[in-house]
$ cat entry_10.txt   # compact mmCIF, C-alpha atoms
# COMPACT_ATOMS: atom_id res chain seq x y z
CA MET A 641 13.73 -20.29 -15.18
CA GLU A 642 16.27 -19.78 -12.45
CA ASN A 643 16.37 -18.14 -9.08
CA LYS A 644 19.36 -15.90 -8.47
CA ALA A 645 20.55 -13.50 -5.82
CA VAL A 646 20.03 -9.81 -6.40
CA PRO A 647 23.30 -7.85 -6.09
CA LYS A 648 23.47 -4.59 -4.21
CA ARG A 649 23.82 -2.45 -7.33
CA VAL A 650 22.39 -3.47 -10.67
CA VAL A 651 22.76 -1.11 -13.61
CA CYS A 652 19.24 -1.77 -14.90
CA PHE A 653 17.86 -0.65 -11.52
CA ASP A 654 19.73 2.64 -11.88
CA ALA A 655 18.53 3.06 -15.47
CA LEU A 656 14.92 2.40 -14.47
CA ASN A 657 15.29 4.80 -11.54
CA ILE A 658 16.40 7.62 -13.82
CA LEU A 659 13.75 6.98 -16.47
CA ALA A 660 10.99 6.66 -13.88
CA CYS A 661 12.06 9.87 -12.16
CA LEU A 662 12.00 11.76 -15.46
CA SER A 663 8.63 10.24 -16.35
CA VAL A 664 7.07 11.32 -13.04
CA ILE A 665 8.22 14.88 -13.67
CA ALA A 666 6.82 14.67 -17.21
CA MET A 667 3.40 13.75 -15.80
CA HIS A 668 3.52 16.68 -13.36
CA CYS A 669 4.44 19.05 -16.21
CA ASN A 670 1.47 17.75 -18.17
CA GLY A 671 -1.50 19.37 -16.46
CA ALA A 672 -3.43 19.72 -19.72
CA VAL A 673 -4.34 16.03 -19.61
CA HIS A 674 -6.71 16.70 -16.71
CA VAL A 675 -8.62 19.44 -18.58
CA PHE A 676 -10.72 17.77 -21.24
CA ALA A 677 -11.15 19.36 -24.64
CA ASP A 678 -11.55 17.58 -27.95
CA THR A 679 -8.37 19.13 -29.32
CA TYR A 680 -4.95 18.11 -30.58
CA VAL A 681 -3.41 19.60 -27.42
CA TRP A 682 -5.41 17.37 -25.12
CA ARG A 683 -4.75 14.26 -27.21
CA GLN A 684 -1.05 15.02 -27.22
CA SER A 685 -1.04 15.54 -23.45
CA LEU A 686 -2.91 12.24 -23.02
CA LEU A 687 -0.25 10.48 -25.09
CA VAL A 688 2.48 11.92 -22.86
CA ASP A 689 0.60 10.76 -19.76
CA VAL A 690 0.06 7.25 -21.13
CA LEU A 691 3.73 6.85 -22.10
CA ALA A 692 4.92 8.05 -18.67
CA TYR A 693 2.28 6.33 -16.52
CA TRP A 694 4.40 3.24 -15.85
CA ALA A 695 6.82 5.21 -13.65
CA VAL A 696 5.03 4.96 -10.29
CA PRO A 697 4.43 1.19 -10.47
CA VAL A 698 8.05 0.66 -11.54
CA PHE A 699 9.31 2.56 -8.49
CA VAL A 700 7.48 0.01 -6.33
CA MET A 701 8.71 -2.84 -8.51
CA LEU A 702 12.27 -1.66 -7.88
CA SER A 703 11.62 -1.74 -4.15
CA GLY A 704 10.50 -5.34 -4.43
CA ALA A 705 13.39 -6.34 -6.68
CA THR A 706 16.01 -4.81 -4.38
CA LEU A 707 14.49 -5.46 -0.95
CA MET A 708 12.53 -8.70 -1.11
CA ASN A 709 15.58 -10.72 -0.10
CA TYR A 710 16.88 -8.24 2.48
CA ARG A 711 17.21 -11.06 5.02
CA ARG A 712 20.38 -12.21 3.25
CA ARG A 713 22.04 -8.92 4.19
CA TYR A 714 20.60 -7.79 7.53
CA SER A 715 17.89 -8.35 10.13
CA THR A 716 14.33 -7.06 9.94
CA LYS A 717 15.12 -4.49 12.64
CA VAL A 718 18.01 -3.12 10.58
CA PHE A 719 15.89 -3.22 7.42
CA LEU A 720 13.09 -1.12 8.93
CA LYS A 721 15.57 1.29 10.50
CA ARG A 722 17.35 1.80 7.18
CA ARG A 723 14.07 2.36 5.36
CA PHE A 724 12.98 4.96 7.92
CA LEU A 725 16.28 6.83 7.76
CA LYS A 726 16.35 6.75 3.96
CA THR A 727 12.74 7.75 3.28
CA GLY A 728 10.99 8.83 6.48
CA VAL A 729 13.51 11.43 7.68
CA PRO A 730 13.78 13.25 4.30
CA LEU A 731 9.99 13.15 3.98
CA VAL A 732 9.57 14.93 7.33
CA ILE A 733 12.30 17.48 6.56
CA TRP A 734 10.93 18.45 3.16
CA THR A 735 7.30 18.45 4.30
CA VAL A 736 8.28 20.95 7.01
CA PHE A 737 10.19 22.98 4.42
CA PHE A 738 7.21 23.15 2.08
CA TYR A 739 4.83 23.97 4.92
CA VAL A 740 6.98 26.90 6.10
CA PHE A 741 7.52 28.05 2.51
CA TYR A 742 3.82 27.97 1.63
CA ARG A 743 2.85 29.66 4.91
CA THR A 744 5.39 32.43 4.25
CA ARG A 745 4.12 32.87 0.71
CA GLY A 746 0.50 32.87 1.90
CA THR A 747 -0.51 29.83 -0.12
CA ILE A 748 -1.82 28.05 2.97
CA ALA A 749 -3.14 29.45 6.24
CA TRP A 750 -3.37 28.16 9.79
CA THR A 751 -6.94 27.03 10.53
CA GLY A 752 -6.38 24.93 13.62
CA TRP A 753 -4.70 21.73 14.72
CA ARG A 754 -7.39 19.47 13.30
CA ALA A 755 -7.05 20.93 9.82
CA PHE A 756 -3.26 20.82 10.10
CA SER A 757 -3.32 17.18 11.21
CA ASN A 758 -5.67 16.35 8.36
CA SER A 759 -3.32 17.97 5.84
CA VAL A 760 -0.37 15.99 7.25
CA ILE A 761 -2.20 12.65 7.23
CA ASN A 762 -3.56 13.19 3.71
CA PHE A 763 -0.38 14.79 2.32
CA SER A 764 -2.23 17.85 1.07
CA ILE A 765 0.73 20.10 1.93
CA VAL A 766 2.72 18.48 -0.86
CA PRO A 767 0.20 16.42 -2.85
CA VAL A 768 2.85 14.59 -4.89
CA TYR A 769 4.04 12.98 -1.65
CA TRP A 770 0.90 10.79 -1.74
CA PHE A 771 3.25 8.04 -2.91
CA PHE A 772 4.87 7.60 0.52
CA PRO A 773 1.99 5.91 2.42
CA PRO A 774 1.63 3.01 -0.06
CA LEU A 775 5.42 2.76 -0.21
CA PHE A 776 5.62 2.54 3.59
CA MET A 777 2.94 -0.15 3.58
CA VAL A 778 5.03 -2.12 1.09
CA TYR A 779 8.05 -1.79 3.39
CA LEU A 780 6.02 -3.02 6.38
CA SER A 781 4.77 -5.99 4.34
CA LEU A 782 8.19 -7.12 3.14
CA PRO A 783 9.16 -8.85 6.43
CA VAL A 784 6.31 -11.27 5.68
CA LEU A 785 6.71 -11.51 1.91
CA SER A 786 10.48 -11.97 2.22
CA LEU A 787 9.84 -15.33 3.89
CA LEU A 788 8.47 -16.57 0.57
CA VAL A 789 11.45 -15.76 -1.67
CA GLN A 790 12.39 -19.44 -1.85
CA ASN A 791 8.84 -20.47 -2.71
CA ARG A 792 8.46 -18.81 -6.09
CA LYS A 793 5.35 -20.78 -7.03
CA ILE A 794 3.50 -19.19 -4.12
CA LEU A 795 4.70 -15.73 -5.15
CA TRP A 796 3.60 -16.28 -8.75
CA TYR A 797 0.26 -17.60 -7.49
CA MET A 798 -0.19 -14.47 -5.35
CA ALA A 799 0.81 -12.15 -8.19
CA VAL A 800 -1.56 -13.76 -10.72
CA LEU A 801 -4.46 -13.83 -8.27
CA ALA A 802 -3.86 -10.22 -7.23
CA PHE A 803 -3.70 -9.12 -10.88
CA ALA A 804 -6.93 -10.95 -11.70
CA SER A 805 -8.89 -9.78 -8.63
CA CYS A 806 -7.51 -6.24 -8.20
CA SER A 807 -6.63 -5.20 -11.76
CA VAL A 808 -8.88 -7.10 -14.16
CA PHE A 809 -12.08 -7.93 -12.28
CA PRO A 810 -12.92 -4.35 -11.15
CA PHE A 811 -12.34 -3.16 -14.73
CA VAL A 812 -14.63 -5.81 -16.19
CA CYS A 813 -17.38 -5.07 -13.67
CA THR A 814 -17.25 -1.34 -14.33
CA ALA A 815 -17.14 -1.84 -18.09
CA LEU A 816 -20.25 -4.04 -17.90
CA GLY A 817 -22.03 -1.57 -15.63
CA LEU A 818 -21.96 -3.90 -12.64
CA THR A 819 -21.51 -2.73 -9.06
CA TYR A 820 -18.17 -3.78 -7.59
CA TRP A 821 -17.66 -3.42 -3.85
CA GLY A 822 -14.19 -4.90 -3.67
CA SER A 823 -15.37 -8.12 -2.03
CA PHE A 824 -13.30 -10.22 -4.43
CA ALA A 825 -10.05 -8.30 -3.97
CA PHE A 826 -7.22 -10.59 -2.90
CA PRO A 827 -6.73 -9.57 0.77
CA MET A 828 -3.16 -10.85 1.03
CA MET A 829 -1.84 -8.61 -1.75
CA GLY A 830 -3.98 -5.55 -2.22
CA GLY A 831 -2.83 -2.13 -3.32
CA TYR A 832 0.74 -1.78 -4.52
CA LEU A 833 2.06 -5.06 -3.13
CA LEU A 834 1.44 -6.62 -6.54
CA PHE A 835 4.16 -4.41 -8.01
CA ALA A 836 6.66 -5.27 -5.28
CA VAL A 837 6.24 -9.01 -5.83
CA LEU A 838 6.12 -8.63 -9.61
CA GLY A 839 9.34 -6.61 -9.59
CA TYR A 840 11.16 -9.29 -7.64
CA LEU A 841 9.84 -12.13 -9.80
CA LEU A 842 10.55 -10.45 -13.13
CA HIS A 843 14.07 -9.56 -12.10
CA THR A 844 14.97 -12.97 -10.76
CA THR A 845 13.38 -14.91 -13.62
CA GLU A 846 15.29 -15.53 -16.85
CA LEU A 847 12.79 -15.00 -19.65
CA SER A 848 13.03 -16.49 -23.12
CA ARG A 849 12.88 -14.30 -26.21
CA LEU A 850 9.31 -15.49 -26.83
CA GLN A 851 8.25 -14.66 -23.28
CA ARG A 852 9.80 -11.20 -23.50
CA SER A 853 8.10 -10.56 -26.82
CA ALA A 854 4.75 -11.55 -25.34
CA ILE A 855 5.27 -9.17 -22.41
CA TYR A 856 6.19 -6.33 -24.80
CA VAL A 857 3.09 -6.95 -26.92
CA LEU A 858 0.89 -6.96 -23.82
CA GLY A 859 2.53 -3.73 -22.59
CA ILE A 860 1.91 -2.01 -25.93
CA LEU A 861 -1.66 -3.34 -25.87
CA GLY A 862 -2.18 -1.89 -22.39
CA ALA A 863 -0.92 1.54 -23.44
CA ALA A 864 -2.97 1.50 -26.65
CA VAL A 865 -6.16 0.45 -24.86
CA ARG A 866 -5.77 3.20 -22.28
CA TYR A 867 -5.10 5.87 -24.91
CA PHE A 868 -7.75 5.01 -27.49
CA HIS A 869 -10.41 4.06 -24.96
CA THR A 870 -9.91 7.37 -23.15
CA VAL A 871 -10.06 9.38 -26.37
CA ILE A 872 -13.09 7.63 -27.85
CA PHE A 873 -15.25 7.58 -24.73
CA SER A 874 -14.19 11.01 -23.48
CA VAL A 875 -15.17 12.60 -26.79
CA ARG A 876 -18.44 10.69 -26.72
CA GLU A 877 -19.24 11.70 -23.12
CA GLY A 878 -17.80 15.22 -23.18
CA ALA A 879 -15.68 14.52 -20.09
CA ILE A 880 -12.61 12.43 -19.28
CA ASN A 881 -13.50 8.75 -19.07
CA LYS A 882 -11.09 7.15 -16.59
CA LEU A 883 -12.12 3.53 -16.80
CA THR A 884 -8.62 2.51 -17.95
CA TRP A 885 -6.79 4.82 -15.54
CA GLU A 886 -5.38 4.10 -12.05
CA TYR A 887 -1.95 2.59 -11.47
CA THR A 888 -3.31 -0.80 -10.41
CA ASN A 889 -5.55 -1.14 -13.48
CA TRP A 890 -4.55 -3.88 -15.91
CA PRO A 891 -3.34 -1.62 -18.77
CA THR A 892 -0.81 0.05 -16.50
CA VAL A 893 0.30 -3.20 -14.85
CA LEU A 894 1.05 -4.67 -18.28
CA LEU A 895 2.86 -1.52 -19.43
CA ALA A 896 4.96 -1.33 -16.25
CA ALA A 897 5.94 -5.00 -16.57
CA ALA A 898 6.93 -4.47 -20.21
CA VAL A 899 9.11 -1.44 -19.44
CA PHE A 900 10.74 -3.23 -16.50
CA VAL A 901 11.61 -6.30 -18.59
CA PHE A 902 12.73 -4.24 -21.60
CA VAL A 903 15.20 -2.18 -19.56
CA LYS A 904 16.42 -5.29 -17.73
CA TYR A 905 17.49 -6.92 -20.99
CA ALA A 906 18.51 -3.71 -22.76
CA CYS A 907 21.09 -3.17 -20.01
CA ARG A 908 22.89 -6.30 -21.18
CA TYR A 909 24.07 -4.52 -24.32
CA PRO A 910 27.75 -3.43 -24.52
CA LEU A 911 27.00 0.23 -23.76
CA PHE A 912 25.96 -0.70 -20.23
CA GLN A 913 29.19 -2.60 -19.72
CA ARG A 914 31.35 0.47 -20.21
CA GLU A 915 32.73 1.61 -16.89
CA LYS A 916 32.39 5.35 -17.50
CA PHE A 917 28.80 5.03 -18.69
CA VAL A 918 27.86 2.81 -15.75
CA ARG A 919 29.37 5.34 -13.33
CA LEU A 920 27.34 8.11 -14.97
CA VAL A 921 24.13 6.10 -14.70
CA LYS A 922 24.78 5.34 -11.03
CA TRP A 923 25.63 8.99 -10.36
CA LEU A 924 22.36 10.16 -11.90
CA SER A 925 20.37 7.43 -10.16
CA GLY A 926 21.76 8.51 -6.80
CA ALA A 927 19.92 11.80 -7.16
CA SER A 928 16.52 10.40 -8.19
CA PHE A 929 14.97 10.31 -4.73
CA GLY A 930 16.12 13.84 -4.00
CA ILE A 931 14.83 15.06 -7.35
CA TYR A 932 11.43 13.57 -6.56
CA LEU A 933 11.38 15.36 -3.21
CA ILE A 934 12.09 18.85 -4.60
CA HIS A 935 10.97 18.77 -8.24
CA VAL A 936 7.63 20.44 -7.43
CA PHE A 937 9.46 23.37 -5.85
CA ILE A 938 11.74 23.67 -8.90
CA MET A 939 8.77 23.40 -11.24
CA GLU A 940 6.85 26.11 -9.40
CA GLN A 941 9.83 28.44 -9.39
CA ILE A 942 10.48 28.02 -13.12
CA THR A 943 6.87 28.58 -14.15
CA TYR A 944 6.45 31.54 -11.78
CA ARG A 945 9.68 33.38 -12.51
CA PHE A 946 9.50 32.92 -16.28
CA SER A 947 5.69 33.26 -16.55
CA ILE A 948 5.41 29.95 -18.37
CA ASN A 949 2.05 28.73 -19.58
CA THR A 950 1.92 25.24 -18.10
CA LEU A 951 -0.61 24.16 -20.74
CA SER A 952 1.73 25.03 -23.61
CA GLY A 953 3.19 22.38 -25.86
CA TRP A 954 6.75 23.55 -25.15
CA TRP A 955 6.33 23.03 -21.44
CA ARG A 956 4.56 19.71 -21.89
CA LEU A 957 7.31 18.27 -24.11
CA PHE A 958 10.47 19.89 -22.75
CA GLY A 959 9.64 21.22 -19.30
CA ALA A 960 10.39 17.91 -17.61
CA PHE A 961 13.99 17.95 -18.87
CA ALA A 962 14.52 21.50 -17.57
CA VAL A 963 13.07 20.64 -14.16
CA TYR A 964 15.10 17.43 -13.99
CA CYS A 965 18.41 19.11 -14.82
CA ILE A 966 17.96 21.98 -12.36
CA ALA A 967 16.77 19.65 -9.60
CA LEU A 968 19.72 17.33 -10.32
CA ILE A 969 22.20 20.17 -9.83
CA ALA A 970 20.45 21.30 -6.64
CA VAL A 971 20.44 17.78 -5.19
CA LYS A 972 24.10 17.13 -5.96
CA LEU A 973 25.12 20.44 -4.38
CA LEU A 974 22.98 19.96 -1.28
CA GLN A 975 24.25 16.42 -0.83
CA LYS A 976 27.73 17.90 -0.30
CA LEU A 977 26.62 19.98 2.70
CA PRO A 978 28.40 18.76 5.83
CA TYR A 979 26.30 17.02 8.49
CA VAL A 980 22.86 17.77 6.92
CA GLY A 981 23.36 16.68 3.31
CA LYS A 982 23.00 12.98 4.12
CA TYR A 983 19.66 13.63 5.83
CA LEU A 984 18.26 15.86 3.09
CA PHE A 985 19.00 13.36 0.34
CA PRO A 986 20.28 9.98 1.59
$ encode --input "entry_10.txt" --output "structure tokens"
Amino acid sequence: MENKAVPKRVVCFDALNILACLSVIAMHCNGAVHVFADTYVWRQSLLVDVLAYWAVPVFVMLSGATLMNYRRRYSTKVFLKRRFLKTGVPLVIWTVFFYVFYRTRGTIAWTGWRAFSNSVINFSIVPVYWFFPPLFMVYLSLPVLSLLVQNRKILWYMAVLAFASCSVFPFVCTALGLTYWGSFAFPMMGGYLLFAVLGYLLHTTELSRLQRSAIYVLGILGAAVRYFHTVIFSVREGAINKLTWEYTNWPTVLLAAAVFVFVKYACRYPLFQREKFVRLVKWLSGASFGIYLIHVFIMEQITYRFSINTLSGWWRLFGAFAVYCIALIAVKLLQKLPYVGKYLFP
């Protein structure tokens, strides 16, 4: 194993960014998974959800892989300022846009400042923006975690302990019918911090073929357990059993780690060394954040204007690609706007 510096741009980061962005859209075009019925449609939608579920954890893993050693490039003050300008400003702009749009359309109504403040704090105006609070907490934790980049044993210790106490132990307690109050959760690395540290460690660790194979097997196991457990127990109970769900649950952690490692090593193949292909990947990756910000608007417009049944198989399997392509074009065009483009989509 060796410790190495993380360069500013790494092609596998761009590839993961694109795939994760597309997978998030696929989950949002897959509403049928949340409506249980013992049918082929529901099982197919569950399969789509399971195969795309790694995307959110991998986004956080990318943040850890790219930002954990920020101190080599700039101060903590500059780091926090850059994070705010890159994520906070666009979040405010597009939240205001959606609020005005939904008010104009009559989707939401003014019911007082308390209700408005509650909707802002809980991100109910644009529910898919729920991802920002945990991401911001990761950013605010990195000034502390970044001090440990040279002490990899401590980071591995924290990652293993967090995985055991926050991903495995709650699952085991629930599966055995035991009450779990969270008392054993590792306080130093709760929530999504596990993914940030794991992303950094997996990227800066050279894994042997055997180690990679073990990670792939565990990732496949995690996906299989989530799928078959959900099907079997949901059919038995007549409602969706979500024991194996949640992004921090062990099946998803294993799947996310497997996808991250697979793409890392796949990007060493000759195709990813070709200059034109690398430029294309970087160009697409540069739009991922913007696509995430507006894909719900694009999705709503497509389904409304073309009267698309969002529970249909066509939409579930191909809708994500349509939304991605249209959002990509919109982002690239808006990025070219003078003065405001850089604030809309940094």
$ closest_atom_pairs --input "entry_10.txt" --of "stretch 825-864 of chain A" --to "stretch 674-698 of chain A" --cutoff "12 Å" --atoms "only C-alpha atoms" --output "CSV"
residue,atom,partner,partner_atom,distance
A:Gly831,CA,A:Pro697,CA,10.7
A:Tyr832,CA,A:Pro697,CA,7.6
A:Leu833,CA,A:Pro697,CA,9.9
A:Leu834,CA,A:Pro697,CA,9.2
A:Phe835,CA,A:Pro697,CA,6.1
A:Ala836,CA,A:Pro697,CA,8.6
A:Val837,CA,A:Pro697,CA,11.4
A:Leu838,CA,A:Val698,CA,9.7
A:Gly839,CA,A:Val698,CA,7.6
A:Tyr840,CA,A:Val698,CA,11.1
A:Leu842,CA,A:Val698,CA,11.5
A:His843,CA,A:Val698,CA,11.9
A:Gly859,CA,A:Trp694,CA,9.9
A:Ile860,CA,A:Leu691,CA,9.8
A:Leu861,CA,A:Val690,CA,11.7
A:Gly862,CA,A:Val690,CA,9.5
A:Ala863,CA,A:Val690,CA,6.2
A:Ala864,CA,A:Val690,CA,8.5
$ closest_residue --input "entry_10.txt" --among "A:His935, A:Trp796, A:Ser947, A:Trp955" --to "A:Ile969" --atoms "only C-alpha atoms"
A:His935
$ atom_distance --input "entry_10.txt" --atom1 "atom CA of A:Thr892" --atom2 "atom CA of A:Met798"
18.3 Å
$ atom_distance --input "entry_10.txt" --atom1 "atom CA of A:Tyr769" --atom2 "atom CA of A:Trp750"
20.4 Å
$ closest_residue --input "entry_10.txt" --among "A:Ile931, A:Ser759, A:Phe738, A:Met828" --to "A:Ala799" --atoms "only C-alpha atoms"
A:Met828
$ atom_distance --input "entry_10.txt" --atom1 "atom CA of A:Arg723" --atom2 "atom CA of A:Asn762"
20.8 Å
$ residues_around --input "entry_10.txt" --residues "A:Leu785" --least-positions-apart "3" --cutoff "9 Å" --atoms "all atoms listed in the file" --output "NGL selection string"
:A and (708 or 781-782 or 788-789 or 795 or 837)
$ residues_near_point --input "entry_10.txt" --point "(15.0, 13.1, -4.7)" --cutoff "12 Å" --atoms "all atoms listed in the file" --output "number ranges by chain"
A: 657-658, 660-662, 664-665, 726-727, 730-731, 734, 769, 924-938, 964, 967-972, 974-975, 982-986
$ closest_residue --input "entry_10.txt" --among "A:Val650, A:Trp890, A:Thr950, A:Arg722" --to "A:Val918" --atoms "all atoms listed in the file"
A:Val650
